[in-house]
Amino acid sequence: MKVAVEQGKCIAAGHCVMAADAVFDQREDDGIVVLLDENPPDELADEVREAAAVCPAMAIHVHEE
């Protein structure tokens, strides 16, 4: 799995961090998503997929390998 984010689309809702805080964080100043791990381990795959699904801006892209 490879994860990518579009910071320009992010609306700082924070749903990604709530779903997968080992993979996503938010910038302190404006809350925009920060990708911590673009190749998360398999055990986090469901959490990452959930984060992408609940993102209101659809700013998270998951590429299955």
# chains A, B, ... in the order shown; residues from 1 in each chain; ligands from 1
call {"tool": "residues_around", "arguments": {"residues": "Gln7 in chain A", "least_positions_apart": "5", "cutoff": "12 Å", "atoms": "only C-alpha atoms", "output": "list of chain:residue names"}}
result
A:Ala12, A:Phe24, A:Asp25, A:Gln26, A:Arg27, A:Asp30, A:Gly31, A:Ile32, A:Val33, A:Val34, A:Leu35, A:Ala57, A:Met58, A:Ala59, A:Ile60, A:His61
call {"tool": "write_last_selection", "arguments": {"atoms": "N, CA and C atoms", "output": "mmCIF file, in the first residue's frame"}}
result
data_model
loop_
_atom_site.group_PDB
_atom_site.id
_atom_site.type_symbol
_atom_site.label_atom_id
_atom_site.label_comp_id
_atom_site.auth_asym_id
_atom_site.auth_seq_id
_atom_site.Cartn_x
_atom_site.Cartn_y
_atom_site.Cartn_z
ATOM 1 N N ALA A 12 -8.777 20.414 6.740
ATOM 2 C CA ALA A 12 -8.375 20.343 8.146
ATOM 3 C C ALA A 12 -9.463 19.805 9.063
ATOM 4 N N PHE A 24 -1.210 9.632 9.829
ATOM 5 C CA PHE A 24 -1.554 11.025 9.529
ATOM 6 C C PHE A 24 -1.423 11.895 10.772
ATOM 7 N N ASP A 25 -1.069 13.148 10.538
ATOM 8 C CA ASP A 25 -1.047 14.160 11.579
ATOM 9 C C ASP A 25 -1.555 15.448 10.947
ATOM 10 N N GLN A 26 -1.606 16.513 11.734
ATOM 11 C CA GLN A 26 -2.025 17.810 11.225
ATOM 12 C C GLN A 26 -0.997 18.857 11.608
ATOM 13 N N ARG A 27 -0.806 19.830 10.705
ATOM 14 C CA ARG A 27 0.103 20.933 11.000
ATOM 15 C C ARG A 27 -0.472 21.757 12.139
ATOM 16 N N ASP A 30 -2.321 25.399 10.885
ATOM 17 C CA ASP A 30 -3.575 25.466 10.139
ATOM 18 C C ASP A 30 -4.351 24.151 10.067
ATOM 19 N N GLY A 31 -3.836 23.083 10.659
ATOM 20 C CA GLY A 31 -4.561 21.821 10.700
ATOM 21 C C GLY A 31 -4.518 20.982 9.440
ATOM 22 N N ILE A 32 -3.752 21.412 8.442
ATOM 23 C CA ILE A 32 -3.661 20.667 7.181
ATOM 24 C C ILE A 32 -2.958 19.338 7.428
ATOM 25 N N VAL A 33 -3.421 18.322 6.722
ATOM 26 C CA VAL A 33 -2.902 16.961 6.883
ATOM 27 C C VAL A 33 -1.399 16.885 6.603
ATOM 28 N N VAL A 34 -0.737 16.046 7.395
ATOM 29 C CA VAL A 34 0.676 15.721 7.211
ATOM 30 C C VAL A 34 0.760 14.197 7.135
ATOM 31 N N LEU A 35 1.360 13.694 6.091
ATOM 32 C CA LEU A 35 1.524 12.253 5.911
ATOM 33 C C LEU A 35 2.786 11.816 6.641
ATOM 34 N N ALA A 57 -12.808 15.984 2.056
ATOM 35 C CA ALA A 57 -12.246 16.656 0.875
ATOM 36 C C ALA A 57 -11.693 15.665 -0.145
ATOM 37 N N MET A 58 -11.730 14.379 0.185
ATOM 38 C CA MET A 58 -11.171 13.333 -0.674
ATOM 39 C C MET A 58 -9.724 13.654 -1.042
ATOM 40 N N ALA A 59 -8.952 14.054 -0.030
ATOM 41 C CA ALA A 59 -7.568 14.466 -0.223
ATOM 42 C C ALA A 59 -6.568 13.331 0.003
ATOM 43 N N ILE A 60 -7.060 12.150 0.384
ATOM 44 C CA ILE A 60 -6.189 11.002 0.650
ATOM 45 C C ILE A 60 -6.390 9.967 -0.436
ATOM 46 N N HIS A 61 -5.281 9.513 -0.986
ATOM 47 C CA HIS A 61 -5.333 8.511 -2.059
ATOM 48 C C HIS A 61 -4.549 7.282 -1.629
#
call {"tool": "select_by_dssp", "arguments": {"residues": "chain A", "states": "helix (DSSP H, G or I)", "output": "PyMOL selection string"}}
result
chain A and resi 15-19+42-54
call {"tool": "write_last_selection", "arguments": {"atoms": "N, CA and C atoms", "output": "short mmCIF file (atom, residue, chain, number, x, y, z; two decimals), in the first residue's frame"}}
result
data_model
loop_
_atom_site.label_atom_id
_atom_site.label_comp_id
_atom_site.auth_asym_id
_atom_site.auth_seq_id
_atom_site.Cartn_x
_atom_site.Cartn_y
_atom_site.Cartn_z
N HIS A 15 -10.40 14.05 10.40
CA HIS A 15 -10.92 12.68 10.42
C HIS A 15 -9.83 11.65 10.16
N CYS A 16 -8.87 12.00 9.33
CA CYS A 16 -7.78 11.07 9.02
C CYS A 16 -6.96 10.75 10.25
N VAL A 17 -6.69 11.75 11.07
CA VAL A 17 -5.90 11.55 12.28
C VAL A 17 -6.68 10.68 13.27
N MET A 18 -7.97 10.90 13.35
CA MET A 18 -8.79 10.09 14.25
C MET A 18 -8.83 8.63 13.80
N ALA A 19 -8.79 8.41 12.50
CA ALA A 19 -8.86 7.04 11.98
C ALA A 19 -7.51 6.34 11.99
N ASP A 42 1.19 -3.40 6.83
CA ASP A 42 -0.06 -4.06 6.50
C ASP A 42 -1.09 -4.01 7.62
N GLU A 43 -0.63 -4.04 8.86
CA GLU A 43 -1.58 -4.04 9.98
C GLU A 43 -2.34 -2.72 10.12
N LEU A 44 -1.90 -1.67 9.43
CA LEU A 44 -2.60 -0.39 9.45
C LEU A 44 -3.47 -0.16 8.21
N ALA A 45 -3.50 -1.12 7.32
CA ALA A 45 -4.20 -0.95 6.04
C ALA A 45 -5.67 -0.60 6.21
N ASP A 46 -6.38 -1.27 7.09
CA ASP A 46 -7.80 -0.98 7.28
C ASP A 46 -8.01 0.43 7.83
N GLU A 47 -7.16 0.86 8.75
CA GLU A 47 -7.27 2.21 9.30
C GLU A 47 -7.02 3.27 8.23
N VAL A 48 -6.04 3.02 7.36
CA VAL A 48 -5.71 3.96 6.30
C VAL A 48 -6.86 4.04 5.29
N ARG A 49 -7.42 2.89 4.94
CA ARG A 49 -8.57 2.90 4.02
C ARG A 49 -9.75 3.66 4.63
N GLU A 50 -9.97 3.48 5.92
CA GLU A 50 -11.04 4.20 6.62
C GLU A 50 -10.78 5.71 6.59
N ALA A 51 -9.54 6.10 6.83
CA ALA A 51 -9.19 7.53 6.80
C ALA A 51 -9.48 8.13 5.43
N ALA A 52 -9.13 7.40 4.38
CA ALA A 52 -9.42 7.90 3.02
C ALA A 52 -10.92 7.99 2.78
N ALA A 53 -11.66 7.01 3.27
CA ALA A 53 -13.10 6.98 3.05
C ALA A 53 -13.83 8.11 3.78
N VAL A 54 -13.35 8.49 4.96
CA VAL A 54 -14.05 9.52 5.74
C VAL A 54 -13.54 10.93 5.47
#
call {"tool": "closest_residue", "arguments": {"among": "A:Val23, A:Cys10, A:Leu36, A:Ala4", "to": "Val62 in chain A", "atoms": "only C-alpha atoms"}}
result
A:Ala4
call {"tool": "residues_around", "arguments": {"residues": "Asn39 in chain A", "least_positions_apart": "6", "cutoff": "8 Å", "atoms": "only C-alpha atoms", "output": "list in words"}}
result
Met1, Lys2 and Val3 of chain A
call {"tool": "select_by_dssp", "arguments": {"residues": "range 4-62 of chain A", "states": "strand (DSSP E or B)", "output": "PDB file with N, CA, C and O atoms, in the first residue's frame"}}
result
ATOM      1  N   ALA A   4      -0.905   8.726  -0.533  1.00  0.00           N
ATOM      2  CA  ALA A   4      -0.559  10.081  -0.949  1.00  0.00           C
ATOM      3  C   ALA A   4      -1.650  11.026  -0.451  1.00  0.00           C
ATOM      4  O   ALA A   4      -2.809  10.622  -0.321  1.00  0.00           O
ATOM      5  N   VAL A   5      -1.271  12.251  -0.158  1.00  0.00           N
ATOM      6  CA  VAL A   5      -2.249  13.257   0.247  1.00  0.00           C
ATOM      7  C   VAL A   5      -2.101  14.490  -0.627  1.00  0.00           C
ATOM      8  O   VAL A   5      -1.019  14.792  -1.123  1.00  0.00           O
ATOM      9  N   PHE A  24      -1.210   9.632   9.829  1.00  0.00           N
ATOM     10  CA  PHE A  24      -1.554  11.025   9.529  1.00  0.00           C
ATOM     11  C   PHE A  24      -1.423  11.895  10.772  1.00  0.00           C
ATOM     12  O   PHE A  24      -1.682  11.467  11.884  1.00  0.00           O
ATOM     13  N   ASP A  25      -1.069  13.148  10.538  1.00  0.00           N
ATOM     14  CA  ASP A  25      -1.047  14.160  11.579  1.00  0.00           C
ATOM     15  C   ASP A  25      -1.555  15.448  10.947  1.00  0.00           C
ATOM     16  O   ASP A  25      -1.887  15.474   9.764  1.00  0.00           O
ATOM     17  N   GLN A  26      -1.606  16.513  11.734  1.00  0.00           N
ATOM     18  CA  GLN A  26      -2.025  17.810  11.225  1.00  0.00           C
ATOM     19  C   GLN A  26      -0.997  18.857  11.608  1.00  0.00           C
ATOM     20  O   GLN A  26      -0.419  18.795  12.698  1.00  0.00           O
ATOM     21  N   VAL A  33      -3.421  18.322   6.722  1.00  0.00           N
ATOM     22  CA  VAL A  33      -2.902  16.961   6.883  1.00  0.00           C
ATOM     23  C   VAL A  33      -1.399  16.885   6.603  1.00  0.00           C
ATOM     24  O   VAL A  33      -0.883  17.562   5.725  1.00  0.00           O
ATOM     25  N   VAL A  34      -0.737  16.046   7.395  1.00  0.00           N
ATOM     26  CA  VAL A  34       0.676  15.721   7.211  1.00  0.00           C
ATOM     27  C   VAL A  34       0.760  14.197   7.135  1.00  0.00           C
ATOM     28  O   VAL A  34       0.246  13.503   8.019  1.00  0.00           O
ATOM     29  N   LEU A  35       1.360  13.694   6.091  1.00  0.00           N
ATOM     30  CA  LEU A  35       1.524  12.253   5.911  1.00  0.00           C
ATOM     31  C   LEU A  35       2.786  11.816   6.641  1.00  0.00           C
ATOM     32  O   LEU A  35       3.888  12.258   6.315  1.00  0.00           O
ATOM     33  N   ILE A  60      -7.060  12.150   0.384  1.00  0.00           N
ATOM     34  CA  ILE A  60      -6.189  11.002   0.650  1.00  0.00           C
ATOM     35  C   ILE A  60      -6.390   9.967  -0.436  1.00  0.00           C
ATOM     36  O   ILE A  60      -7.515   9.583  -0.748  1.00  0.00           O
ATOM     37  N   HIS A  61      -5.281   9.513  -0.986  1.00  0.00           N
ATOM     38  CA  HIS A  61      -5.333   8.511  -2.059  1.00  0.00           C
ATOM     39  C   HIS A  61      -4.549   7.282  -1.629  1.00  0.00           C
ATOM     40  O   HIS A  61      -3.384   7.398  -1.219  1.00  0.00           O
ATOM     41  N   VAL A  62      -5.185   6.136  -1.719  1.00  0.00           N
ATOM     42  CA  VAL A  62      -4.567   4.872  -1.345  1.00  0.00           C
ATOM     43  C   VAL A  62      -4.363   4.052  -2.613  1.00  0.00           C
ATOM     44  O   VAL A  62      -5.304   3.818  -3.373  1.00  0.00           O
TER      45      VAL A  62
END
call {"tool": "atom_distance", "arguments": {"atom1": "CA of Glu64 in chain A", "atom2": "CA of Ala13 in chain A"}}
result
24.5 Å
